[in-house]
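> Dumping the structure here so I can ask a few things about it.
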Amino acid sequence: MIELRLQPRELAFRDEVRAFLARELTTDLVAAAARETGIFVERAVSTVWHAKLAARGWLVPSWPVEFGGTGWTPVQRYIFESECAAAGAPGVIPSGIGMVAPVIIRFGTDAQKNFYLPRIVSGEDYWCQGYSEPGSGSDLASLKTRAVADGADYIVDGSKIWTTHAHLANRIFCLVRTSHAGKPQQGISFLLIDLATPGIRIAPIISLAGDHEVNQIFFDAVRVPQANRVGAEGEGWTCAKYLLEFERGGNVAAPRLQRAVRELWRVAGEQIDEHGMPLAEDPAVRRRIAELEVDVAALTFSELRMVSRLAGGSSPGSEASVLKIEVSELKQRITECAVSLLGPAALVFGGTVVPTYLNSRAASIYGGSNEIQRNLIARTLLGL
């Protein structure tokens, strides 16, 4: 496990975080987080933790201070994430805080910032993402959902798919086609849509693991004010790329993966092989878990560099693609190892191992498939 050499001020901050967690993180919240097998924790669980963090002023540490950010240093941010992971705290739903909010802060009008950002912090608005469509996933520029100007409004028609928590949300940020002129990317705009608007229908999609987490949304002549467009018309692709940098690389995942690897060691110590020996004494098993431990350590260093970039006012940039690949594939390898260690018992052990394994299969697809990320890395970082 990687440990930073902390200064006295940072040690005091760590103690402050630990005291907060000891006071506010209940056993019920920890148990609920441990039961979660999908991409996000349940909204009911997230809402409770969201409110506790908001009350403490720690909900949106990555936002600029003028909008409620904490002004933490990169080390403080990492300390906070690490302590939350070690304590088993639930994750915060990122759709509003970590995805649409940075876009509004960077490209939105003052009116949009003043209206939406406080509602994200208060929890009054719960967001989902409208990017992918049937036939337009990794090739996002081929999207067909159209928005036709009609006076002060747009009329939106089309469909979005794989919209996580759309059935729980009250707002969606959408990429829509406002023009067919020029390159496909040049005709895309970024809209904020109230899901209570007439003409919107949400259909559930049940995953292989039996979860209802994603949905398909249909837009039938949905009237959306042009004032809800973020950025200029036709500049939605710029907003989309900026948002995807935060989706792919703006979060700290390594501390929770460290916790998952520690759990593998625990399971390996408890599982007995056909010779009556703990699996943790099998050299092949030890090597497999140790390799995961080393790779998570490498990810930790990469994330520390990324947190430093964000704290310095930079966006994640193309390096977000590197982190997206590493995080998603590590999740898959860790869940594969858990199923392998448990064998048939994985089908009943805690009721979470197999569903988590199944849901992690999508990690290398959502947020932009890993094949697309490798193409981006080759072009933008390696110059190929």
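All residue names refer to the structure tokens as shown: chains lettered A, B, ... in order, residues numbered from 1 in each chain, ligands numbered from 1 in order.
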Can you list every residue in segment 268-324 of chain A that DSSP puts in alpha helix (DSSP H), as a ChimeraX atom specification?
/A:268-270,283-311,319-324
> Name all residues at most 12 Å from segment 365-372 of chain A (count only C-alpha atoms; drop same-chain ones fewer than 5 positions away) and give them as a PDB file with C-alpha atoms, in the first residue's frame.

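Dumped everything to around-v3.pdb:
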ATOM      1  CA  ILE A  39     -22.064   1.586 -11.361  1.00  0.00           C
ATOM      2  CA  SER A  95     -23.565  12.798 -12.910  1.00  0.00           C
ATOM      3  CA  MET A  99     -19.897  15.643 -14.969  1.00  0.00           C
ATOM      4  CA  GLN A 129     -26.450  11.640 -18.998  1.00  0.00           C
ATOM      5  CA  GLY A 130     -27.911  11.583 -22.520  1.00  0.00           C
ATOM      6  CA  TYR A 131     -25.024  10.771 -24.848  1.00  0.00           C
ATOM      7  CA  SER A 132     -25.305   7.263 -26.329  1.00  0.00           C
ATOM      8  CA  SER A 136     -24.293   5.807 -31.710  1.00  0.00           C
ATOM      9  CA  GLY A 137     -22.120   4.723 -28.815  1.00  0.00           C
ATOM     10  CA  SER A 138     -18.362   4.987 -29.246  1.00  0.00           C
ATOM     11  CA  ASP A 139     -19.050   6.731 -32.570  1.00  0.00           C
ATOM     12  CA  LEU A 140     -20.849   9.475 -30.695  1.00  0.00           C
ATOM     13  CA  ILE A 161     -29.882   4.670 -24.385  1.00  0.00           C
ATOM     14  CA  TRP A 162     -27.877   3.283 -21.433  1.00  0.00           C
ATOM     15  CA  THR A 163     -28.956   6.308 -19.374  1.00  0.00           C
ATOM     16  CA  THR A 164     -27.890   5.371 -15.855  1.00  0.00           C
ATOM     17  CA  VAL A 214     -29.888   1.802 -17.086  1.00  0.00           C
ATOM     18  CA  ALA A 240     -18.879  16.774 -24.572  1.00  0.00           C
ATOM     19  CA  LYS A 241     -15.138  16.210 -24.830  1.00  0.00           C
ATOM     20  CA  LEU A 243     -17.146  16.411 -19.769  1.00  0.00           C
ATOM     21  CA  LEU A 244     -15.766  13.044 -20.875  1.00  0.00           C
ATOM     22  CA  GLU A 245     -12.340  14.020 -19.553  1.00  0.00           C
ATOM     23  CA  PHE A 246     -13.904  14.314 -16.088  1.00  0.00           C
ATOM     24  CA  GLU A 247     -16.001  11.151 -16.509  1.00  0.00           C
ATOM     25  CA  ARG A 248     -12.943   9.156 -17.575  1.00  0.00           C
ATOM     26  CA  GLY A 249     -10.261  10.674 -15.411  1.00  0.00           C
ATOM     27  CA  ALA A 320      -7.934  10.685 -18.801  1.00  0.00           C
ATOM     28  CA  SER A 321      -8.096   7.989 -21.478  1.00  0.00           C
ATOM     29  CA  VAL A 322      -5.143   6.206 -19.874  1.00  0.00           C
ATOM     30  CA  LEU A 323      -6.842   6.228 -16.479  1.00  0.00           C
ATOM     31  CA  LYS A 324     -10.160   5.124 -17.957  1.00  0.00           C
ATOM     32  CA  ILE A 325      -8.511   2.031 -19.446  1.00  0.00           C
ATOM     33  CA  GLU A 326      -6.563   1.189 -16.315  1.00  0.00           C
ATOM     34  CA  VAL A 327      -9.450   1.641 -13.884  1.00  0.00           C
ATOM     35  CA  SER A 328     -11.967  -0.306 -15.957  1.00  0.00           C
ATOM     36  CA  GLU A 329      -9.638  -3.221 -16.665  1.00  0.00           C
ATOM     37  CA  GLN A 332     -12.623  -6.491 -14.271  1.00  0.00           C
ATOM     38  CA  ASN A 359     -21.653  -5.437 -14.143  1.00  0.00           C
ATOM     39  CA  SER A 360     -17.916  -4.806 -14.385  1.00  0.00           C
ATOM     40  CA  ILE A 377      -3.906   7.828 -26.757  1.00  0.00           C
ATOM     41  CA  ALA A 378      -2.108   6.852 -29.967  1.00  0.00           C
ATOM     42  CA  ARG A 379      -3.151  10.059 -31.703  1.00  0.00           C
TER      43      ARG A 379
END
> When you count only C-alpha atoms, which of these residues is closest to Ser122 of chain A: A:Ala54, A:Leu191, A:Ala221, A:Leu382?
A:Ala54
> So that I can see what lies close to Pro255 of chain A, please list as a list in words the residues with an atom at most 7 Å from it, counting only C-alpha atoms and leaving out residues fewer than 6 positions away in the same chain.
Glu81, Ser82 and Ala85 of chain A
> Considering only C-alpha atoms, state which residue in the set A:Ala89, A:Thr380, A:Leu347, A:Gln373 is at the smallest distance from Ala32 of chain A.
A:Ala89
> My list of candidates is A:Leu381, A:Ala253, A:Leu341, A:Val230. Which is closest to Gly108 of chain A when distances are computed with only C-alpha atoms?
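Looking at the shortest contact to Gly108 of chain A, the residue is A:Val230.
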> What is the distance, in Å and to one decimal place, between atom CA of Val296 of chain A and atom CA of Leu330 of chain A?
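Between these atoms lies a distance of 7.6 Å.
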> Rounded to one decimal place, report the atom CA of Glu36 of chain A-atom CA of Met306 of chain A distance in Å.
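We find that atom CA of Glu36 of chain A and atom CA of Met306 of chain A lie 26.7 Å from each other.
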> So that I can check the surroundings of Ile217 of chain A, please list as a list in words every protein, DNA and RNA residue that reaches within 8 Å of it, counting only C-alpha atoms and ignoring chain neighbours fewer than 5 positions away.
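Neighbouring residues, sequence-local ones excluded: Ser159, Lys160, Ile161, Thr163, Ala166, Ile200, Arg201, Ile202 and Ala203 of chain A.
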> Would you save the residues of that selection, restricted to N, CA and C atoms, as a PDB file, in the first residue's frame?

ATOM      1  N   SER A 159     -33.881   9.481 -29.391  1.00  0.00           N
ATOM      2  CA  SER A 159     -33.790   8.514 -28.302  1.00  0.00           C
ATOM      3  C   SER A 159     -32.362   8.460 -27.762  1.00  0.00           C
ATOM      4  N   LYS A 160     -32.244   8.251 -26.465  1.00  0.00           N
ATOM      5  CA  LYS A 160     -30.970   8.018 -25.796  1.00  0.00           C
ATOM      6  C   LYS A 160     -31.041   6.675 -25.078  1.00  0.00           C
ATOM      7  N   ILE A 161     -29.888   6.003 -24.983  1.00  0.00           N
ATOM      8  CA  ILE A 161     -29.882   4.670 -24.385  1.00  0.00           C
ATOM      9  C   ILE A 161     -28.732   4.540 -23.380  1.00  0.00           C
ATOM     10  N   THR A 163     -28.914   5.147 -20.259  1.00  0.00           N
ATOM     11  CA  THR A 163     -28.956   6.308 -19.374  1.00  0.00           C
ATOM     12  C   THR A 163     -29.077   5.836 -17.919  1.00  0.00           C
ATOM     13  N   ALA A 166     -31.739   7.158 -15.049  1.00  0.00           N
ATOM     14  CA  ALA A 166     -32.724   8.074 -15.642  1.00  0.00           C
ATOM     15  C   ALA A 166     -34.080   7.931 -14.969  1.00  0.00           C
ATOM     16  N   ILE A 200     -41.589  13.093 -23.005  1.00  0.00           N
ATOM     17  CA  ILE A 200     -40.456  12.240 -22.612  1.00  0.00           C
ATOM     18  C   ILE A 200     -40.985  10.941 -22.007  1.00  0.00           C
ATOM     19  N   ARG A 201     -40.443   9.818 -22.499  1.00  0.00           N
ATOM     20  CA  ARG A 201     -40.816   8.503 -21.950  1.00  0.00           C
ATOM     21  C   ARG A 201     -39.538   7.749 -21.611  1.00  0.00           C
ATOM     22  N   ILE A 202     -39.518   7.121 -20.430  1.00  0.00           N
ATOM     23  CA  ILE A 202     -38.351   6.382 -19.955  1.00  0.00           C
ATOM     24  C   ILE A 202     -38.708   4.899 -19.864  1.00  0.00           C
ATOM     25  N   ALA A 203     -37.920   4.057 -20.551  1.00  0.00           N
ATOM     26  CA  ALA A 203     -38.159   2.613 -20.547  1.00  0.00           C
ATOM     27  C   ALA A 203     -36.989   1.910 -19.858  1.00  0.00           C
TER      28      ALA A 203
END
> Measure the distance from atom CA of Gln186 of chain A to atom CA of Gly234 of chain A in Å and round it to one decimal.
5.4 Å
> Hey, what's within 12 Å of Phe190 of chain A if we count only C-alpha atoms and toss same-chain stuff fewer than 4 positions away? As a PyMOL selection string, please?
chain A and resi 100+103-104+107-108+129-131+145-147+154+172-178+185-186+224+226-243
> Suppose we keep C-alpha atoms; can you now write the selection as an mmCIF file, in the first residue's frame?

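Produced file again_23.cif, reproduced below:
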data_model
loop_
_atom_site.group_PDB
_atom_site.id
_atom_site.type_symbol
_atom_site.label_atom_id
_atom_site.label_comp_id
_atom_site.auth_asym_id
_atom_site.auth_seq_id
_atom_site.Cartn_x
_atom_site.Cartn_y
_atom_site.Cartn_z
ATOM 1 C CA VAL A 100 -22.441 18.319 -15.874
ATOM 2 C CA VAL A 103 -19.325 21.874 -18.032
ATOM 3 C CA ILE A 104 -21.692 24.495 -16.609
ATOM 4 C CA PHE A 107 -19.122 26.992 -20.566
ATOM 5 C CA GLY A 108 -22.375 28.050 -18.884
ATOM 6 C CA GLN A 129 -26.450 11.640 -18.998
ATOM 7 C CA GLY A 130 -27.911 11.583 -22.520
ATOM 8 C CA TYR A 131 -25.024 10.771 -24.848
ATOM 9 C CA THR A 145 -31.430 12.956 -31.786
ATOM 10 C CA ARG A 146 -32.354 16.295 -33.325
ATOM 11 C CA ALA A 147 -33.266 19.694 -31.897
ATOM 12 C CA TYR A 154 -35.968 23.726 -29.528
ATOM 13 C CA ILE A 172 -30.749 15.115 -18.140
ATOM 14 C CA PHE A 173 -27.873 16.735 -20.005
ATOM 15 C CA CYS A 174 -28.083 15.796 -23.671
ATOM 16 C CA LEU A 175 -26.138 15.988 -26.883
ATOM 17 C CA VAL A 176 -28.484 16.818 -29.750
ATOM 18 C CA ARG A 177 -28.055 17.546 -33.447
ATOM 19 C CA THR A 178 -28.924 21.132 -34.338
ATOM 20 C CA GLN A 185 -19.184 17.137 -34.727
ATOM 21 C CA GLN A 186 -19.939 20.710 -35.833
ATOM 22 C CA VAL A 224 -36.807 22.795 -24.536
ATOM 23 C CA GLN A 226 -32.892 27.591 -26.034
ATOM 24 C CA ALA A 227 -31.788 29.237 -22.783
ATOM 25 C CA ASN A 228 -31.053 25.655 -21.611
ATOM 26 C CA ARG A 229 -28.293 25.272 -24.183
ATOM 27 C CA VAL A 230 -24.797 25.329 -22.668
ATOM 28 C CA GLY A 231 -22.325 27.086 -24.926
ATOM 29 C CA ALA A 232 -23.029 28.297 -28.428
ATOM 30 C CA GLU A 233 -25.126 26.331 -30.871
ATOM 31 C CA GLY A 234 -22.952 23.770 -32.608
ATOM 32 C CA GLU A 235 -20.316 23.764 -29.861
ATOM 33 C CA GLY A 236 -21.718 20.809 -27.973
ATOM 34 C CA TRP A 237 -18.867 18.582 -29.095
ATOM 35 C CA THR A 238 -16.416 20.815 -27.222
ATOM 36 C CA CYS A 239 -18.583 20.525 -24.084
ATOM 37 C CA ALA A 240 -18.879 16.774 -24.572
ATOM 38 C CA LYS A 241 -15.138 16.210 -24.830
ATOM 39 C CA TYR A 242 -14.532 18.352 -21.754
ATOM 40 C CA LEU A 243 -17.146 16.411 -19.769
#
> Name the closest residue to Gly98 of chain A among the candidates A:Pro61, A:Ala34, A:Asp125, A:Ala111; distances are taken between atoms, counting only C-alpha atoms.
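Of the candidates, the smallest distance to Gly98 of chain A is held by A:Pro61.
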> So, with only C-alpha atoms as the atoms that count, which of A:Asp211, A:Glu263, A:Asp194, A:Asp110 lies closest to Thr335 of chain A?
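With only C-alpha atoms as the atom set, the closest residue is A:Glu263.
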> Using only C-alpha atoms, determine which residues lie at most 10 Å from segment 19-23 of chain A, disregarding the query and same-chain residues fewer than 6 positions distant; provide the list as a PyMOL selection string.
chain A and resi 13+52-53+56+83-84+87-89
> Nearest to Ala254 of chain A: which of A:Ala86, A:Ile206, A:Leu384, A:Val267 is it, counting only C-alpha atoms?
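The closest residue to Ala254 of chain A is A:Ala86.
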